[in-house]
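Participant: Enclosed is the structure file protein-v3.txt (compact mmCIF, C-alpha atoms and all ligand atoms).
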# COMPACT_ATOMS: atom_id res chain seq x y z
CA MET A 247 21.52 -2.93 2.28
CA LYS A 248 21.16 -4.16 -1.30
CA LEU A 249 18.90 -3.12 -4.18
CA ILE A 250 18.27 -5.78 -6.85
CA PRO A 251 16.34 -4.79 -9.99
CA LEU A 252 14.03 -7.55 -11.28
CA GLU A 253 12.30 -7.45 -14.67
CA ILE A 254 8.83 -8.96 -14.37
CA GLY A 255 8.20 -9.17 -18.09
CA ARG A 256 7.92 -6.37 -20.59
CA LEU A 257 4.95 -4.51 -21.95
CA ALA A 258 4.34 -3.21 -25.45
CA SER A 259 2.09 -0.18 -25.18
CA ASP A 260 0.27 2.19 -27.44
CA GLY A 261 2.73 5.07 -27.76
CA ARG A 262 -0.01 7.68 -28.01
CA LEU A 263 -1.02 6.96 -24.42
CA LEU A 264 2.47 7.14 -22.99
CA THR A 265 4.40 9.59 -25.12
CA GLY A 266 1.89 11.13 -27.49
CA VAL A 267 3.76 9.48 -30.38
CA GLU A 268 2.16 7.01 -32.82
CA GLY A 269 3.28 3.38 -32.73
CA TRP A 270 3.97 0.76 -30.10
CA ILE A 271 6.79 1.00 -27.59
CA ASP A 272 8.27 -1.86 -25.61
CA LEU A 273 9.06 -1.18 -21.94
CA PRO A 274 10.52 -3.05 -18.97
CA VAL A 275 8.21 -3.76 -16.02
CA PRO A 276 10.37 -3.55 -12.89
CA SER A 277 9.99 -4.87 -9.38
CA TRP A 278 12.72 -3.70 -7.02
CA LEU A 279 14.02 -6.07 -4.33
CA ILE A 280 15.46 -4.41 -1.23
CA GLU A 281 17.43 -6.52 1.23
CA HIS A 282 17.55 -4.59 4.50
CA PRO A 283 19.08 -5.99 7.71
CA ASP A 284 15.60 -6.06 9.30
CA GLY A 285 13.56 -7.41 6.40
CA VAL A 286 13.12 -8.03 2.70
CA ALA A 287 11.02 -5.51 0.80
CA LEU A 288 9.70 -5.20 -2.73
CA PHE A 289 8.86 -1.90 -4.36
CA ASP A 290 6.09 -2.89 -6.79
CA THR A 291 5.41 -6.45 -7.94
CA GLY A 292 5.19 -6.30 -11.75
CA LEU A 293 2.76 -8.17 -14.01
CA HIS A 294 0.22 -10.82 -13.04
CA ILE A 295 1.22 -14.32 -14.16
CA ASP A 296 -2.03 -14.70 -16.14
CA LEU A 297 -0.71 -12.04 -18.55
CA GLN A 298 1.73 -14.68 -19.84
CA SER A 299 -1.18 -15.99 -21.92
CA GLY A 300 -2.27 -12.59 -23.32
CA PRO A 301 -3.84 -9.27 -22.30
CA ASP A 302 -7.42 -10.50 -21.60
CA ARG A 303 -7.04 -9.94 -17.86
CA LEU A 304 -6.76 -6.19 -18.53
CA GLY A 305 -10.41 -5.86 -19.54
CA ARG A 306 -11.04 -2.49 -21.12
CA LEU A 307 -7.33 -1.67 -21.17
CA ALA A 308 -6.45 -4.83 -23.15
CA PRO A 309 -6.42 -3.16 -26.61
CA ALA A 310 -3.74 -0.69 -25.47
CA PHE A 311 -1.22 -3.27 -24.19
CA ARG A 312 0.58 -6.42 -25.33
CA PRO A 313 2.41 -8.26 -22.56
CA LEU A 314 5.80 -9.71 -23.55
CA PHE A 315 5.96 -12.10 -20.65
CA GLU A 316 7.25 -15.66 -20.61
CA PRO A 317 7.08 -18.44 -18.00
CA GLY A 318 10.04 -18.02 -15.66
CA GLN A 319 9.83 -14.20 -15.71
CA GLU A 320 7.07 -13.97 -13.08
CA LEU A 321 7.89 -12.48 -9.68
CA GLY A 322 8.13 -15.79 -7.79
CA ALA A 323 10.62 -17.19 -10.32
CA ARG A 324 12.67 -13.99 -10.39
CA LEU A 325 12.91 -14.04 -6.59
CA GLU A 326 13.96 -17.71 -6.51
CA ALA A 327 16.62 -16.93 -9.14
CA VAL A 328 18.29 -14.48 -6.75
CA GLY A 329 17.97 -16.81 -3.75
CA VAL A 330 14.89 -15.27 -2.11
CA ARG A 331 11.81 -17.34 -1.31
CA PRO A 332 8.53 -15.45 -1.74
CA THR A 333 7.78 -16.27 1.92
CA ASP A 334 10.96 -14.36 2.91
CA VAL A 335 9.47 -11.06 1.71
CA THR A 336 8.29 -9.00 4.69
CA HIS A 337 7.08 -5.79 2.99
CA MET A 338 5.47 -4.96 -0.35
CA ILE A 339 5.72 -1.20 -0.83
CA PHE A 340 3.68 0.10 -3.76
CA SER A 341 4.27 3.18 -5.85
CA HIS A 342 0.65 2.76 -6.95
CA LEU A 343 -1.75 -0.05 -7.83
CA HIS A 344 -1.91 -0.06 -11.64
CA PHE A 345 -1.78 -3.57 -13.14
CA ASP A 346 1.89 -3.38 -14.12
CA HIS A 347 2.92 -2.43 -10.58
CA ALA A 348 0.74 -4.69 -8.41
CA GLY A 349 0.20 -7.82 -10.54
CA GLY A 350 2.70 -10.10 -8.78
CA THR A 351 1.17 -9.55 -5.34
CA ALA A 352 -0.55 -12.96 -5.29
CA GLU A 353 2.88 -14.64 -5.51
CA VAL A 354 4.04 -13.16 -2.19
CA PRO A 355 1.91 -14.67 0.57
CA ASP A 356 3.01 -13.18 3.89
CA ALA A 357 4.27 -9.65 3.32
CA ARG A 358 2.71 -6.51 4.71
CA ILE A 359 1.55 -3.98 2.12
CA VAL A 360 2.80 -0.40 2.61
CA ILE A 361 0.76 2.10 0.61
CA GLN A 362 -0.45 5.69 0.75
CA ARG A 363 -3.98 5.80 2.14
CA ALA A 364 -5.16 7.90 -0.84
CA GLU A 365 -3.99 5.17 -3.24
CA TRP A 366 -5.65 2.33 -1.35
CA GLU A 367 -8.92 4.26 -1.24
CA SER A 368 -8.74 5.33 -4.88
CA ALA A 369 -8.05 1.77 -6.02
CA LYS A 370 -11.36 0.63 -4.56
CA HIS A 371 -13.41 3.28 -6.35
CA PRO A 372 -16.13 1.47 -8.38
CA LYS A 373 -15.84 3.80 -11.39
CA LEU A 374 -12.08 3.35 -11.63
CA ILE A 375 -12.46 -0.41 -11.31
CA GLU A 376 -15.13 -0.46 -14.00
CA ALA A 377 -12.89 1.60 -16.30
CA GLY A 378 -10.09 -0.96 -15.84
CA VAL A 379 -7.77 1.53 -14.10
CA TYR A 380 -7.57 -0.75 -11.05
CA ASN A 381 -8.30 -4.45 -10.55
CA PRO A 382 -8.76 -5.42 -6.86
CA ASP A 383 -7.92 -9.02 -7.83
CA ASP A 384 -4.36 -7.77 -8.30
CA PHE A 385 -3.87 -6.40 -4.77
CA ASP A 386 -6.86 -6.88 -2.44
CA LEU A 387 -5.99 -10.45 -1.47
CA GLY A 388 -6.08 -10.41 2.34
CA HIS A 389 -2.55 -9.17 3.08
CA ASP A 390 -1.98 -7.02 6.13
CA VAL A 391 -2.22 -3.43 4.79
CA HIS A 392 -0.38 -0.50 6.36
CA GLN A 393 -1.93 2.68 4.95
CA VAL A 394 0.42 5.63 5.45
CA GLU A 395 -0.09 9.34 4.88
CA GLY A 396 2.87 11.35 3.67
CA ALA A 397 6.52 10.48 4.21
CA HIS A 398 7.06 7.15 5.98
CA ASP A 399 10.21 5.49 7.30
CA VAL A 400 9.63 1.79 6.55
CA PHE A 401 12.23 0.19 8.88
CA GLY A 402 12.58 3.05 11.38
CA ASP A 403 16.25 3.72 10.61
CA GLY A 404 15.92 6.30 7.81
CA ARG A 405 17.27 3.98 5.11
CA VAL A 406 14.02 3.18 3.27
CA THR A 407 11.57 6.08 3.06
CA CYS A 408 8.32 6.58 1.18
CA VAL A 409 8.22 9.95 -0.63
CA PRO A 410 4.69 11.03 -1.63
CA THR A 411 4.58 11.95 -5.34
CA PRO A 412 0.87 12.16 -6.24
CA GLY A 413 -0.37 13.03 -9.71
CA HIS A 414 -0.03 9.95 -11.92
CA THR A 415 -2.51 8.49 -9.41
CA ALA A 416 -4.12 9.97 -6.31
CA GLY A 417 -1.72 8.33 -3.87
CA HIS A 418 1.41 7.65 -5.88
CA GLN A 419 4.68 7.48 -3.91
CA ALA A 420 8.38 7.17 -4.74
CA LEU A 421 10.89 5.35 -2.54
CA ARG A 422 14.18 6.75 -1.27
CA LEU A 423 16.96 4.34 -0.30
CA GLU A 424 20.16 5.27 1.52
CA LEU A 425 22.64 2.87 -0.09
CA ASP A 426 26.33 2.83 0.87
CA SER A 427 27.07 4.25 -2.59
CA GLY A 428 24.67 7.17 -1.99
CA PRO A 429 20.96 7.94 -2.01
CA VAL A 430 18.75 6.40 -4.70
CA VAL A 431 15.13 7.29 -5.47
CA LEU A 432 12.83 4.84 -7.27
CA THR A 433 10.47 7.20 -9.09
CA GLY A 434 7.73 4.73 -10.08
CA ASP A 435 5.38 6.19 -12.67
CA CYS A 436 5.83 9.77 -11.47
CA VAL A 437 8.49 9.73 -14.21
CA TYR A 438 8.51 6.95 -16.85
CA PHE A 439 11.70 7.95 -18.62
CA ALA A 440 14.69 10.16 -17.83
CA ARG A 441 13.87 12.45 -20.76
CA PHE A 442 10.42 13.19 -19.32
CA LEU A 443 12.03 14.86 -16.30
CA ASP A 444 14.27 17.01 -18.50
CA THR A 445 11.32 18.17 -20.59
CA MET A 446 8.76 18.06 -17.74
CA THR A 447 6.49 15.88 -19.89
CA VAL A 448 3.37 14.35 -18.37
CA PRO A 449 1.50 11.65 -20.36
CA ALA A 450 -2.00 12.58 -21.49
CA PHE A 451 -3.78 10.35 -19.01
CA GLY A 452 -3.38 10.37 -15.26
CA PHE A 453 -5.09 11.60 -12.12
CA ASP A 454 -3.89 15.23 -11.93
CA THR A 455 -1.32 16.82 -14.26
CA ASP A 456 -0.53 19.84 -12.04
CA LEU A 457 0.03 17.59 -9.04
CA GLN A 458 2.29 15.35 -11.10
CA LEU A 459 4.36 18.33 -12.26
CA GLU A 460 4.81 19.36 -8.60
CA SER A 461 5.88 15.82 -7.72
CA MET A 462 8.32 15.80 -10.65
CA ALA A 463 9.78 19.05 -9.33
CA THR A 464 10.24 17.35 -5.94
CA LEU A 465 12.19 14.52 -7.60
CA LYS A 466 14.25 16.99 -9.64
CA HIS A 467 15.15 18.76 -6.41
CA LEU A 468 16.21 15.47 -4.82
CA ARG A 469 18.42 14.83 -7.87
CA ASP A 470 19.93 18.30 -8.20
CA HIS A 471 20.25 19.35 -4.55
CA ASP A 472 20.33 16.12 -2.50
CA GLY A 473 22.55 14.11 -4.86
CA CYS A 474 19.94 11.38 -5.31
CA HIS A 475 20.38 8.95 -8.20
CA LEU A 476 16.92 8.60 -9.78
CA LEU A 477 15.84 5.22 -11.17
CA PHE A 478 12.87 5.75 -13.47
CA GLY A 479 9.66 3.73 -13.79
CA HIS A 480 9.96 2.28 -17.31
CA ASP A 481 13.22 3.63 -18.77
CA ASP A 482 14.48 0.86 -21.04
CA ALA A 483 18.01 2.20 -21.59
CA GLN A 484 18.57 2.98 -17.91
CA PHE A 485 17.10 -0.31 -16.70
CA ALA A 486 19.15 -2.39 -19.16
CA ALA A 487 22.36 -0.71 -17.98
CA LEU A 488 21.81 -1.32 -14.25
CA PRO A 489 24.13 -3.70 -12.43
CA GLU A 490 22.62 -6.93 -11.02
CA VAL A 491 22.99 -5.56 -7.49
CA LEU A 492 23.32 -1.96 -6.24
CA THR A 493 24.88 -1.49 -2.80
ZN ZN B 501 0.86 3.64 -13.60
Mind turning this structure into structure tokens?
Ligand SMILES: [Zn+2]

Facilitator:
Amino acid sequence: MKLIPLEIGRLASDGRLLTGVEGWIDLPVPSWLIEHPDGVALFDTGLHIDLQSGPDRLGRLAPAFRPLFEPGQELGARLEAVGVRPTDVTHMIFSHLHFDHAGGTAEVPDARIVIQRAEWESAKHPKLIEAGVYNPDDFDLGHDVHQVEGAHDVFGDGRVTCVPTPGHTAGHQALRLELDSGPVVLTGDCVYFARFLDTMTVPAFGFDTDLQLESMATLKHLRDHDGCHLLFGHDDAQFAALPEVLT
């Protein structure tokens, strides 16, 4: 099994929202490609291609974000660059459905979505859509949707497992991979940066801070007691230092 990190553009964000610090910070937007013997999965799909022409698609959220996103960095192009056709992708597993995690979904036509039921339901809530928290045009595009509840073994062999980590959103999940080099956990937005886990920092916004702290404790346990290597949601230094392929 292989894990290939893909950068689907970058996002400059209002630091007050993310870290409580004034100023803009520039973050990678990852999609993670997983080549398993029985299928090809993505964990999150990055930014929507329309964001290459500016943040207007984000509606009410637009003032808080500036996409740094060029033609050729969209999901379809990134897949082709590593020899994968978008039609080869069998599963799209989502940490959650915020715009920077589900935007590339339209570029992958045939895959089955794997998502926590609580996230799928939350993402259709009219008030959250109106507030710009979710945009159904990112993800509700007619794909087959497998709504799971709790831990879920994606390929039935224990090598790719959804780990519920609610808090950032109602149905957020992390993904655990059993690579030959050892277990890896993709944290999604349960933890943006490595330093947030050390200091147990939760950004000001989010669905439920206490729940997120519990989920962060779960990930810390996986790191400290199960030997899992954690790959964080938007950690620039960690992401930049990753090899092209993890095995
Ligand atoms: Zn998010």

Participant: Measuring atom to atom with only C-alpha atoms and all ligand atoms, identify which of A:Ile361, A:Val275, A:Leu421, A:Ala287 is nearest to ligand ZN 501 (chain B).

Facilitator: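 Residue with the minimum atom-to-atom distance to ligand ZN 501 (chain B): A:Val275.
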
Participant: Which residue out of A:Asp383, A:Asp435, A:Asp390, A:Glu367 has the minimum interatomic distance to A:Ala416 when only C-alpha atoms are used?

Facilitator: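 Using only C-alpha atoms, the shortest distance to A:Ala416 belongs to A:Glu367.
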
Participant: As a quick test: using all atoms listed in the file, which residues lie no more than 9 Å away from ligand ZN 501 (chain B)? Give them as a PyMOL selection string.

Facilitator: chain A and resi 341-347+379+414-415+418+434-436+438+452+479

Participant: For A:Asp296, which residue out of A:Gly261, A:Pro251, A:Gly350, A:Pro382 is the nearest one, using all atoms listed in the file?

Facilitator: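 Closest candidate: A:Gly350.
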
Participant: Of the residues A:Met462, A:Ile254, A:Leu273, A:Cys474, which is the one nearest to A:Gly428, using only C-alpha atoms?

Facilitator: A:Cys474
